[in-house]
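Chemist: Mind looking over this structure? Questions follow.
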Amino acid sequence: MPTDHMLSRCRRACALSGVALLLVLAGLGVAAAAAPGATTHPYNRGCQALAAGDIAKAKALFTEAVKLNPSDTDALNNLAVCDVKTGDYSKALPLLQKVLRLNERYRGANLNIGADYLFQGDAIKAEPPTRKAQAAPPTAVGKSVKAAALYNLGLIAAADKRYVDAKAYFEQSATAAASVQTDLALASTMCALGDYDKGISSLETIAASQPGEVMMKTVNADLAFAHYQRGMSRLEKGDLNGAHADFSASNTALANDYSKMGLALVDAERGNHAAAIAALSDLKRSSVTPQLAKAVSFNLERVKSMGKTPGASPDPWLKWLILFGGGVLFAVQFYVVMRAATPGRRRGAFGAAKVALGIVAGLATAVVFAWAFFAPPDTPLWTLVALGVDVVVIVLAWWTPPSASRRPRSA
């Protein structure tokens with residue numbers, strides 16, 4: 001798959017994962033800060049609304065809680081979570097910075113500042129606060145914050161194509177706190193490192209666990225992407241059956257045009273150029289992204305070229321040998337046909353038939369030799385057949401029945 005597509009996909013993964021991590025952190029904050037019997041407090045009701053997905057209501061309640069206590073770091077943190085969730089990144093950042101001014105050891109705020117920058121696509125600014133979040137205390141909440149920080153560091157490394165580092169971060173995150181999200185990222189990183197068998201096996205295990213509708217969509221997307229990658233790897237190695245199976249599995253996990261392009265390339269390698277060209281032409285017309293259109297156009301031209309001259313390009317000497325041999329053959333045939341057409345050698349209908357047959361055979365052979373000149377590997381059998389037929393016609397045209405004056409007489 002094109003590099004641009006892989007990079008944009010990684011950035012989307014960072015954004016989606018950031019949302020999930022922020023929500024997890026907010027939920028943990030609820031458990032840690034909620035006071036027994038204080039369910040009517042705006043902060044607690046805000047946490048309930050946030051857990052239910054009502055961001056607007058949660059934001060209003062956290063704002064009320066901050067008015068009641070401007071130094072409430074949990075309320076400020078969760079208010080920032082709401083701002084990030086709604087895309088108000090510039091509003092979230094001052095709130096989180098205020099949390100750290102009130103409590104410099106509030107590692108959840110460090111984590112969320114890093115996530116805020118990740119949402120904005122600035123991995124350079126995101127990394128320092130995310131690293132600080134690793135120093136969370138060994139409490140239940142702290143372990144989750146540390147796991148989330150390691151996870152986000154893995155995303156940052158993956159976006160920079162430092163897949164070995166990303167794998168190490170994801171493994172540490174899984175050790176700190178197991179999660180389906182971390183397992184998913186680790187499996188995808190294995191695929192990025194070329195370990196497709198383990199990566200796809202892990203993705204299939206996650207899919208079988210039915211992690212929820214939203215997560216399942218991400219799993220299917222990653223599974224489709226992984227199968228496509230392995231299919232391309234197998235295609236490069238000449239494993240056409242394995243590549244076909246992977247491209248089919250990719251399309252089954254999530255219908256996508258990249259897998260269809262892969263199946264067309266398999267058809268082309270199997271010699272079914274017409275079907276491959278038709279499929280790629282359809283994809284070119286329906287491409288929804290510039291990256292896909294560019295990839296399809298490139299492969300379409302390559303397959304068209306394969307259809308003309310599959311395999312290695314013919315040696316120039318072979319083409320010129322065909323041209324020279326064809327020229328000599330046509331010269332001989334022209335002479336013989338003209339000889340057969342002379343009145344003294346023509347013998348009625350038989351002679352006329354020889355001339356007509358010579359002309360037709362010459363024209364047909366000319367077509368075959370012209371085809372052979374432009375695509376030698378495609379035409380060896382046809383060239384031999386045309387050569388054989390033409391030689392027979394030449395011999396037939398050369399041969400003339402003996403005249404009556406030369407026939408032997410009986411006594």
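In the structure tokens, chains take the letters A, B, ... in the order shown, each chain's residues start at 1, and ligands count up from 1 in the order shown.
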Taking the DSSP secondary structure from the backbone, can you list the residues of stretch 10-220 of chain A that are alpha helix (DSSP H), as a VMD selection string?

Modeler: chain A and resid 10 to 33 42 to 51 55 to 68 73 to 85 89 to 102 107 to 119 123 to 133 140 to 159 163 to 176 180 to 192 196 to 208 213 to 220

Chemist: Please identify all polymer residues within 9 Å of stretch 256-272 of chain A, counting only C-alpha atoms, omitting same-chain residues fewer than 3 positions from it, and present them as a PyMOL selection string.

Modeler: chain A and resi 1+224-225+227-228+231-232+235+238+240-241+243-244+246-252+275-280+283+287+292+295-296+299+303+306-307+310

Chemist: Pull C-alpha atoms from the residues just selected and write them as an mmCIF file, in the first residue's frame.

Modeler:
```cif
data_model
loop_
_atom_site.group_PDB
_atom_site.id
_atom_site.type_symbol
_atom_site.label_atom_id
_atom_site.label_comp_id
_atom_site.auth_asym_id
_atom_site.auth_seq_id
_atom_site.Cartn_x
_atom_site.Cartn_y
_atom_site.Cartn_z
ATOM 1 C CA MET A 1 0.000 0.000 0.000
ATOM 2 C CA ALA A 224 -7.969 -6.025 6.181
ATOM 3 C CA PHE A 225 -4.848 -3.866 6.064
ATOM 4 C CA HIS A 227 -3.949 -9.231 4.937
ATOM 5 C CA TYR A 228 -3.358 -6.741 2.128
ATOM 6 C CA GLY A 231 -0.730 -10.411 0.115
ATOM 7 C CA MET A 232 1.599 -7.876 -1.492
ATOM 8 C CA LEU A 235 2.895 -11.500 -4.579
ATOM 9 C CA GLY A 238 5.697 -15.279 -6.518
ATOM 10 C CA LEU A 240 0.197 -16.344 -6.220
ATOM 11 C CA ASN A 241 -2.133 -18.724 -4.351
ATOM 12 C CA ALA A 243 -1.485 -13.704 -2.297
ATOM 13 C CA HIS A 244 -4.944 -14.458 -3.711
ATOM 14 C CA ASP A 246 -4.790 -12.839 1.525
ATOM 15 C CA PHE A 247 -6.423 -10.331 -0.813
ATOM 16 C CA SER A 248 -9.702 -12.256 -0.565
ATOM 17 C CA ALA A 249 -9.429 -12.320 3.248
ATOM 18 C CA SER A 250 -8.719 -8.578 3.253
ATOM 19 C CA ASN A 251 -11.863 -7.879 1.276
ATOM 20 C CA THR A 252 -13.877 -10.194 3.556
ATOM 21 C CA ALA A 275 -9.507 -9.567 -16.718
ATOM 22 C CA ALA A 276 -6.832 -7.658 -14.776
ATOM 23 C CA ILE A 277 -7.029 -4.680 -17.126
ATOM 24 C CA ALA A 278 -10.831 -4.625 -16.896
ATOM 25 C CA ALA A 279 -10.766 -4.733 -13.073
ATOM 26 C CA LEU A 280 -8.093 -2.043 -12.797
ATOM 27 C CA LEU A 283 -11.101 0.807 -10.054
ATOM 28 C CA SER A 287 -11.129 5.672 -7.073
ATOM 29 C CA LEU A 292 -5.575 4.903 -4.770
ATOM 30 C CA ALA A 295 -1.562 3.283 -7.464
ATOM 31 C CA VAL A 296 -4.234 1.893 -9.809
ATOM 32 C CA ASN A 299 -0.457 -0.883 -12.031
ATOM 33 C CA VAL A 303 -0.355 -4.800 -16.612
ATOM 34 C CA MET A 306 2.740 -7.244 -19.367
ATOM 35 C CA GLY A 307 -0.063 -8.130 -21.777
ATOM 36 C CA PRO A 310 5.087 -10.671 -20.472
#
```

Chemist: For a test of reading the model, state the distance in Å between atom CA of A:Ala49 and atom CA of A:Thr73, rounded to one decimal.

Modeler: 18.3 Å

Chemist: Go through A:Pro70, A:Gly194, A:Gly108, A:Gly212 and flag the residue nearest A:Val145, using only C-alpha atoms for the distances.

Modeler: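 Checking each of A:Pro70, A:Gly194, A:Gly108, A:Gly212 against A:Val145, counting only C-alpha atoms, the winner is A:Gly108.
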
Chemist: Skipping near chain neighbours, those fewer than 6 positions away, what residues fall within 12 Å of A:Leu363 using only C-alpha atoms, listed as number ranges by chain?

Modeler: A: 326, 329-330, 333-334, 356-357, 369-370, 386, 390

Chemist: Would you put the residues from that selection into a file with N, CA and C atoms, as a PDB file, in the first residue's frame?

Modeler:
```pdb
ATOM      1  N   GLY A 326      11.604 -12.877 -42.159  1.00  0.00           N
ATOM      2  CA  GLY A 326      10.331 -12.623 -42.832  1.00  0.00           C
ATOM      3  C   GLY A 326      10.538 -11.962 -44.177  1.00  0.00           C
ATOM      4  N   LEU A 329      11.763 -14.557 -46.668  1.00  0.00           N
ATOM      5  CA  LEU A 329      10.662 -15.461 -47.008  1.00  0.00           C
ATOM      6  C   LEU A 329       9.688 -14.808 -47.985  1.00  0.00           C
ATOM      7  N   PHE A 330       9.377 -13.559 -47.759  1.00  0.00           N
ATOM      8  CA  PHE A 330       8.425 -12.874 -48.639  1.00  0.00           C
ATOM      9  C   PHE A 330       9.028 -12.657 -50.026  1.00  0.00           C
ATOM     10  N   GLN A 333       8.785 -15.953 -51.774  1.00  0.00           N
ATOM     11  CA  GLN A 333       7.392 -16.217 -52.111  1.00  0.00           C
ATOM     12  C   GLN A 333       6.930 -15.346 -53.290  1.00  0.00           C
ATOM     13  N   PHE A 334       7.340 -14.094 -53.292  1.00  0.00           N
ATOM     14  CA  PHE A 334       6.959 -13.204 -54.390  1.00  0.00           C
ATOM     15  C   PHE A 334       7.490 -13.744 -55.730  1.00  0.00           C
ATOM     16  N   ALA A 356      -3.549 -17.696 -56.247  1.00  0.00           N
ATOM     17  CA  ALA A 356      -4.426 -17.122 -55.217  1.00  0.00           C
ATOM     18  C   ALA A 356      -3.990 -17.583 -53.820  1.00  0.00           C
ATOM     19  N   LEU A 357      -3.678 -18.891 -53.711  1.00  0.00           N
ATOM     20  CA  LEU A 357      -3.240 -19.425 -52.421  1.00  0.00           C
ATOM     21  C   LEU A 357      -1.931 -18.791 -51.982  1.00  0.00           C
ATOM     22  N   PHE A 369       4.055 -12.385 -38.859  1.00  0.00           N
ATOM     23  CA  PHE A 369       5.423 -11.947 -38.646  1.00  0.00           C
ATOM     24  C   PHE A 369       5.477 -10.514 -38.085  1.00  0.00           C
ATOM     25  N   ALA A 370       4.541  -9.681 -38.479  1.00  0.00           N
ATOM     26  CA  ALA A 370       4.489  -8.325 -37.911  1.00  0.00           C
ATOM     27  C   ALA A 370       4.159  -8.398 -36.422  1.00  0.00           C
ATOM     28  N   ALA A 386       2.842 -20.376 -39.161  1.00  0.00           N
ATOM     29  CA  ALA A 386       2.816 -19.540 -40.364  1.00  0.00           C
ATOM     30  C   ALA A 386       3.989 -19.867 -41.280  1.00  0.00           C
ATOM     31  N   ASP A 390       3.578 -21.418 -45.025  1.00  0.00           N
ATOM     32  CA  ASP A 390       4.126 -20.641 -46.132  1.00  0.00           C
ATOM     33  C   ASP A 390       5.113 -21.458 -46.952  1.00  0.00           C
TER      34      ASP A 390
END
```

Chemist: Leaving out A:Ala149 and any residue of its chain fewer than 3 positions from it, which residues lie within 9 Å of it when counting only C-alpha atoms, given as a PyMOL selection string?

Modeler: chain A and resi 110-111+114+130-134+144-146+152-154+173

Chemist: Could you work out how far atom CA of A:Ala168 lies from atom CA of A:Ala109, giving the answer in Å with one decimal?

Modeler: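 Distance reported for this atom pair: 23.8 Å.
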
Chemist: Compile the contact shell of stretch 89-97 of chain A as a list in words: residues with an atom at most 10 Å away, counting only C-alpha atoms, same-chain residues fewer than 4 positions apart removed.

Modeler: Thr73, Ala75, Leu76, Asn77, Asn78, Leu79, Ala80, Val81, Cys82, Asp83, Val84, Lys85, Arg101, Leu102, Asn103, Glu104, Tyr106, Gly108, Ala109, Asn110, Leu111, Asn112, Ile113, Gly114, Ala115, Asp116, Tyr117, Phe119 and Gln120 of chain A

Chemist: Just the selected residues (N, CA and C atoms), exported as a tab-separated table (two decimals), in the first residue's frame, please.

Modeler:
```tsv
chain	number	residue	atom	x	y	z
A	73	THR	N	-8.85	20.05	40.71
A	73	THR	CA	-8.04	19.56	39.59
A	73	THR	C	-8.75	18.46	38.77
A	75	ALA	N	-12.00	18.16	38.31
A	75	ALA	CA	-13.02	18.81	37.47
A	75	ALA	C	-12.36	19.53	36.30
A	76	LEU	N	-11.26	20.22	36.55
A	76	LEU	CA	-10.55	20.90	35.48
A	76	LEU	C	-10.05	19.90	34.43
A	77	ASN	N	-9.50	18.80	34.91
A	77	ASN	CA	-8.99	17.77	33.99
A	77	ASN	C	-10.11	17.22	33.11
A	78	ASN	N	-11.25	16.88	33.74
A	78	ASN	CA	-12.33	16.29	32.96
A	78	ASN	C	-13.03	17.31	32.07
A	79	LEU	N	-13.02	18.57	32.47
A	79	LEU	CA	-13.53	19.62	31.60
A	79	LEU	C	-12.65	19.71	30.34
A	80	ALA	N	-11.34	19.58	30.53
A	80	ALA	CA	-10.42	19.57	29.38
A	80	ALA	C	-10.68	18.36	28.49
A	81	VAL	N	-11.02	17.23	29.11
A	81	VAL	CA	-11.34	16.03	28.34
A	81	VAL	C	-12.53	16.32	27.42
A	82	CYS	N	-13.54	16.99	27.95
A	82	CYS	CA	-14.71	17.34	27.14
A	82	CYS	C	-14.32	18.25	25.98
A	83	ASP	N	-13.44	19.22	26.25
A	83	ASP	CA	-13.01	20.13	25.19
A	83	ASP	C	-12.26	19.39	24.09
A	84	VAL	N	-11.41	18.46	24.48
A	84	VAL	CA	-10.67	17.68	23.49
A	84	VAL	C	-11.64	16.81	22.69
A	85	LYS	N	-12.61	16.23	23.40
A	85	LYS	CA	-13.59	15.36	22.75
A	85	LYS	C	-14.39	16.11	21.70
A	101	ARG	N	-0.23	23.52	37.37
A	101	ARG	CA	0.20	24.59	38.29
A	101	ARG	C	-0.32	24.33	39.69
A	102	LEU	N	-1.51	23.78	39.78
A	102	LEU	CA	-2.09	23.46	41.09
A	102	LEU	C	-1.46	22.20	41.68
A	103	ASN	N	-1.10	21.26	40.79
A	103	ASN	CA	-0.51	20.00	41.26
A	103	ASN	C	0.43	19.49	40.17
A	104	GLU	N	1.71	19.76	40.34
A	104	GLU	CA	2.68	19.40	39.30
A	104	GLU	C	2.86	17.90	39.15
A	106	TYR	N	0.31	15.80	38.93
A	106	TYR	CA	-0.93	15.27	38.34
A	106	TYR	C	-0.57	14.70	36.94
A	108	GLY	N	-1.98	12.56	35.07
A	108	GLY	CA	-3.07	12.47	34.10
A	108	GLY	C	-3.14	13.70	33.22
A	109	ALA	N	-2.83	14.86	33.80
A	109	ALA	CA	-2.83	16.11	33.03
A	109	ALA	C	-1.69	16.09	32.01
A	110	ASN	N	-0.50	15.57	32.44
A	110	ASN	CA	0.60	15.41	31.48
A	110	ASN	C	0.17	14.54	30.30
A	111	LEU	N	-0.48	13.44	30.62
A	111	LEU	CA	-0.95	12.52	29.58
A	111	LEU	C	-1.90	13.22	28.61
A	112	ASN	N	-2.85	13.97	29.18
A	112	ASN	CA	-3.86	14.62	28.35
A	112	ASN	C	-3.30	15.78	27.54
A	113	ILE	N	-2.28	16.45	28.06
A	113	ILE	CA	-1.63	17.50	27.26
A	113	ILE	C	-0.97	16.86	26.03
A	114	GLY	N	-0.30	15.73	26.27
A	114	GLY	CA	0.31	15.01	25.15
A	114	GLY	C	-0.75	14.57	24.15
A	115	ALA	N	-1.88	14.06	24.65
A	115	ALA	CA	-2.96	13.61	23.76
A	115	ALA	C	-3.55	14.79	22.99
A	116	ASP	N	-3.66	15.94	23.66
A	116	ASP	CA	-4.17	17.14	23.00
A	116	ASP	C	-3.30	17.50	21.79
A	117	TYR	N	-1.97	17.45	21.98
A	117	TYR	CA	-1.06	17.73	20.86
A	117	TYR	C	-1.15	16.65	19.79
A	119	PHE	N	-3.80	15.00	18.97
A	119	PHE	CA	-5.00	15.28	18.19
A	119	PHE	C	-4.72	16.36	17.16
A	120	GLN	N	-3.86	17.28	17.48
A	120	GLN	CA	-3.53	18.37	16.56
A	120	GLN	C	-2.46	17.96	15.55
```

Chemist: Atom CA of A:Ala147 and atom CA of A:Ser179, how far apart in Å?

Modeler: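 Between atom CA of A:Ser179 and atom CA of A:Ala147 the gap is 9.3 Å.
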
Chemist: Do a neighbour search on A:Pro42 at 10 Å with only C-alpha atoms, toss out local chain neighbours closer than 3 positions, and write the hits as JSON, numbers by chain.

Modeler: {"A": [38, 39, 45, 46, 47, 48, 58, 60, 61, 62, 63, 64, 65, 66, 68, 75]}

Chemist: Which neighbours of A:Thr189 fall inside 8 Å, counting only C-alpha atoms, when residues of the same chain fewer than 6 positions from it are skipped, and could you give them as JSON, numbers by chain?

Modeler: {"A": [158, 163, 166, 167, 199]}

Chemist: Output C-alpha atoms for every residue in the selection just made, as an mmCIF file, in the first residue's frame.

Modeler:
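Okay, selection_20.cif is ready:
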```
data_model
loop_
_atom_site.group_PDB
_atom_site.id
_atom_site.type_symbol
_atom_site.label_atom_id
_atom_site.label_comp_id
_atom_site.auth_asym_id
_atom_site.auth_seq_id
_atom_site.Cartn_x
_atom_site.Cartn_y
_atom_site.Cartn_z
ATOM 1 C CA ALA A 158 4.749 4.258 14.902
ATOM 2 C CA TYR A 163 8.285 0.320 14.600
ATOM 3 C CA ALA A 166 6.691 1.253 18.997
ATOM 4 C CA LYS A 167 6.571 -2.499 19.616
ATOM 5 C CA GLY A 199 0.317 -10.082 13.637
#
```
